[in-house]
Structure formats: structure tokens, C-alpha cells
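This report concerns only the one structure given below.
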Amino acid sequence: MHKKVLEIRDSGTHIDAIAIKLDAASVEEDYAFTRNGFDPSHPSILLVRLTSPVMLQVDPYRWSTPGRTMQVAHDYICNHFDELHAGDVVDVQFILGETEKSKVSERLSECGTTWLEN
């Protein structure tokens, strides 16, 4: 399994999340995933929303939170997991073509330094 911490953004929204690619690295994991309905030839992405209340979902279309943010972001992450890096911004407005430029991470200040350096 591979994990990445991502920043999901939308209009007025900032959600920190962990995306976990459920790809079996052992016979035991393959057995557990297959037994529970996961297709080992097409790894699923478990998305954990860290914002309170903590929520998780493996199906992008089954988020119980209202609105489009989690569904669009999760679907995008499923289709681009291998291209994403830890700390990347998944910008729903940019994905949907509502903005011309993706948002910059909130962990970066206006002067280009990280919040850890301030």
C-alpha cells in the first residue's frame, strides 16, 4: 500500500486528506482485498478526510458529505494517484475548468516560504 497526504481545495474549502492505494504487496493482503470485493488488477484508493469529523471512503460516489468537493477530488485522485506527490493540491475548481490556474498550497506563505520556516 502506498499513501500520500494531499490538500483538497475548492471554493472556500481546505481539506487535508490521506490517499491510500490499496495494491496488495503480499499474499495476505491480496487475499484480504479480494475476499472483501476489491479487484487486485485495479487497485482502489481509500481516501481519509482528516478534517473533523474524520471520514473515509473507497468509492468516490458514496461520500455522505453534501456537495461536489469530495466526489470530484476522490475521482481525480483515483485516476491520477501515481502522478500525485505528497503535499500536492487537488483543486476541484481547476479540475472542473472553473479557474485557469490551480491553487497553491496554504502551507506556503505569500513570500514563498513554508509555514515551518516562519
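Scheme for the C-alpha cells: letters A, B, ... for chains in order shown; per-chain residue numbers from 1; ligand numbers from 1 in order shown.
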
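For chain A, backbone-based DSSP labels the following residues as alpha helix (DSSP H): Val27, Glu28, Glu29, Asp30, Tyr31, Ala32, Phe33, Thr34, Arg35, Thr69, Met70, Gln71, Val72, Ala73, His74, Asp75, Tyr76, Ile77, Cys78, Asn79, His80, Val92, Gln93, Phe94 and Ile95 of chain A.
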
Pick out the residues sitting within 12 Å of Glu98 in chain A, and hand them over as a CSV table (one decimal) with N, CA and C atoms, in the first residue's frame; count only C-alpha atoms, and ignore anything fewer than 5 positions along from it in its own chain.
chain,number,residue,atom,x,y,z
A,10,ASP,N,-11.3,23.7,-2.8
A,10,ASP,CA,-12.5,24.1,-3.6
A,10,ASP,C,-12.8,25.5,-3.2
A,11,SER,N,-13.9,26.1,-3.7
A,11,SER,CA,-14.2,27.4,-3.3
A,11,SER,C,-14.5,27.5,-1.8
A,91,ASP,N,-7.2,20.6,-6.7
A,91,ASP,CA,-8.1,21.8,-6.8
A,91,ASP,C,-9.3,21.5,-7.6
A,92,VAL,N,-10.5,21.3,-6.9
A,92,VAL,CA,-11.7,21.0,-7.6
A,92,VAL,C,-12.1,22.0,-8.6
A,93,GLN,N,-12.0,23.3,-8.3
A,93,GLN,CA,-12.4,24.3,-9.3
A,93,GLN,C,-11.5,24.2,-10.5
A,103,LYS,N,-4.8,26.2,-7.4
A,103,LYS,CA,-4.5,26.9,-6.2
A,103,LYS,C,-3.1,26.5,-5.7

Near-Val54 in chain A list (12 Å; only C-alpha atoms; drop same-chain fewer than 6 positions) as a PyMOL selection string: chain A and resi 15-18+47-48+64-65

Quick one: write out the picked residues with C-alpha atoms as a PDB file, in the first residue's frame?
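part04.pdb, freshly written:
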ATOM      1  CA  ILE A  15      -9.473  19.620   3.450  1.00  0.00           C
ATOM      2  CA  ASP A  16      -6.353  17.697   4.391  1.00  0.00           C
ATOM      3  CA  ALA A  17      -6.594  14.051   3.377  1.00  0.00           C
ATOM      4  CA  ILE A  18      -4.610  10.846   3.140  1.00  0.00           C
ATOM      5  CA  LEU A  47      -9.439   8.457   0.884  1.00  0.00           C
ATOM      6  CA  VAL A  48      -9.362   9.596   4.505  1.00  0.00           C
ATOM      7  CA  SER A  64     -22.013  11.328   2.605  1.00  0.00           C
ATOM      8  CA  THR A  65     -20.874  14.951   2.783  1.00  0.00           C
TER       9      THR A  65
END

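Our summary of the geometry notes that CA of Tyr31 in chain A is positioned 28.2 Å from CA of Leu50 in chain A.
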
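For the choices A:Glu106, A:Asp75, A:Asp39, A:Asp59, the atom-to-atom distance to Asp88 in chain A is smallest for A:Glu106 when using only C-alpha atoms.
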
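Counting from CA of Arg68 in chain A, the distance to CA of His14 in chain A is 13.4 Å.
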
Give me the residues within 10 Å of Ala86 in chain A as a PyMOL selection string, counting only C-alpha atoms and dropping any in the same chain fewer than 2 places off. chain A and resi 3-7+18-19+84+88-89

Using the selection just defined, write its residues with C-alpha atoms as a PDB file, in the first residue's frame.
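So the final result, stored in selection14.pdb, reads:
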ATOM      1  CA  LYS A   3      -0.052   6.647   0.914  1.00  0.00           C
ATOM      2  CA  LYS A   4       0.063  10.339   0.108  1.00  0.00           C
ATOM      3  CA  VAL A   5      -1.074  13.299   2.184  1.00  0.00           C
ATOM      4  CA  LEU A   6      -2.914  15.729  -0.092  1.00  0.00           C
ATOM      5  CA  GLU A   7      -4.582  19.104   0.224  1.00  0.00           C
ATOM      6  CA  ILE A  18      -4.610  10.846   3.140  1.00  0.00           C
ATOM      7  CA  ALA A  19      -4.975   8.813  -0.045  1.00  0.00           C
ATOM      8  CA  LEU A  84       0.467  12.997  -7.471  1.00  0.00           C
ATOM      9  CA  ASP A  88       0.053  18.277  -3.744  1.00  0.00           C
ATOM     10  CA  VAL A  89      -3.085  20.381  -4.066  1.00  0.00           C
TER      11      VAL A  89
END

I need the strand (DSSP E) residues of chain A per DSSP on the backbone, written as a ChimeraX atom specification. /A:2-10,13-22,44-49,55-57,89-91

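Excluding range 23-30 of chain A itself and same-chain residues fewer than 3 positions from it, the residues having an atom within 12 Å of it are Met1, His2, Lys3, Ile20, Phe33, Thr34, Arg35, Asn36, Gly37, Phe38, Asp39, Pro40, Ser41, His42, Pro43, Ser44, Ile45, Leu46 and Phe81 of chain A, counting only C-alpha atoms.
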
Requested write-out: N, CA and C atoms of the selected residues, as an mmCIF file, in the first residue's frame:
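Writing done, so here's selection-v1.cif:
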data_model
loop_
_atom_site.group_PDB
_atom_site.id
_atom_site.type_symbol
_atom_site.label_atom_id
_atom_site.label_comp_id
_atom_site.auth_asym_id
_atom_site.auth_seq_id
_atom_site.Cartn_x
_atom_site.Cartn_y
_atom_site.Cartn_z
ATOM 1 N N MET A 1 0.835 -1.177 0.000
ATOM 2 C CA MET A 1 0.000 0.000 0.000
ATOM 3 C C MET A 1 0.881 1.241 0.000
ATOM 4 N N HIS A 2 0.422 2.222 -0.735
ATOM 5 C CA HIS A 2 1.139 3.486 -0.825
ATOM 6 C C HIS A 2 0.221 4.605 -0.356
ATOM 7 N N LYS A 3 0.764 5.548 0.397
ATOM 8 C CA LYS A 3 -0.052 6.647 0.914
ATOM 9 C C LYS A 3 0.548 7.987 0.513
ATOM 10 N N ILE A 20 -4.746 6.418 0.142
ATOM 11 C CA ILE A 20 -4.032 5.148 0.282
ATOM 12 C C ILE A 20 -4.403 4.252 -0.889
ATOM 13 N N PHE A 33 -8.005 -8.261 0.333
ATOM 14 C CA PHE A 33 -8.645 -7.346 -0.606
ATOM 15 C C PHE A 33 -9.643 -8.081 -1.493
ATOM 16 N N THR A 34 -9.226 -9.217 -2.052
ATOM 17 C CA THR A 34 -10.106 -9.992 -2.935
ATOM 18 C C THR A 34 -11.325 -10.495 -2.188
ATOM 19 N N ARG A 35 -11.136 -10.999 -0.980
ATOM 20 C CA ARG A 35 -12.244 -11.520 -0.172
ATOM 21 C C ARG A 35 -13.278 -10.440 0.135
ATOM 22 N N ASN A 36 -12.849 -9.198 0.195
ATOM 23 C CA ASN A 36 -13.752 -8.108 0.524
ATOM 24 C C ASN A 36 -14.209 -7.303 -0.695
ATOM 25 N N GLY A 37 -14.046 -7.891 -1.874
ATOM 26 C CA GLY A 37 -14.621 -7.317 -3.075
ATOM 27 C C GLY A 37 -13.754 -6.368 -3.864
ATOM 28 N N PHE A 38 -12.492 -6.205 -3.481
ATOM 29 C CA PHE A 38 -11.603 -5.329 -4.235
ATOM 30 C C PHE A 38 -10.967 -6.108 -5.372
ATOM 31 N N ASP A 39 -10.828 -5.478 -6.508
ATOM 32 C CA ASP A 39 -10.232 -6.092 -7.683
ATOM 33 C C ASP A 39 -8.724 -5.849 -7.655
ATOM 34 N N PRO A 40 -7.928 -6.902 -7.440
ATOM 35 C CA PRO A 40 -6.477 -6.703 -7.340
ATOM 36 C C PRO A 40 -5.839 -6.186 -8.630
ATOM 37 N N SER A 41 -6.502 -6.362 -9.763
ATOM 38 C CA SER A 41 -5.943 -5.861 -11.016
ATOM 39 C C SER A 41 -6.225 -4.365 -11.206
ATOM 40 N N HIS A 42 -7.094 -3.801 -10.375
ATOM 41 C CA HIS A 42 -7.423 -2.371 -10.434
ATOM 42 C C HIS A 42 -7.463 -1.833 -9.002
ATOM 43 N N PRO A 43 -6.296 -1.454 -8.459
ATOM 44 C CA PRO A 43 -6.245 -1.013 -7.057
ATOM 45 C C PRO A 43 -7.182 0.154 -6.765
ATOM 46 N N SER A 44 -7.834 0.084 -5.632
ATOM 47 C CA SER A 44 -8.736 1.135 -5.186
ATOM 48 C C SER A 44 -7.968 2.165 -4.377
ATOM 49 N N ILE A 45 -8.560 3.353 -4.250
ATOM 50 C CA ILE A 45 -7.979 4.421 -3.445
ATOM 51 C C ILE A 45 -8.892 4.677 -2.258
ATOM 52 N N LEU A 46 -8.379 4.418 -1.074
ATOM 53 C CA LEU A 46 -9.079 4.747 0.159
ATOM 54 C C LEU A 46 -8.701 6.180 0.493
ATOM 55 N N PHE A 81 -3.442 9.005 -9.203
ATOM 56 C CA PHE A 81 -2.693 8.719 -7.978
ATOM 57 C C PHE A 81 -1.188 8.665 -8.223
#

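Here the question is which of A:Met70, A:Val104, A:Leu56, A:Ala32 gets nearest to Gly87 in chain A using only C-alpha atoms, and that residue is A:Val104.
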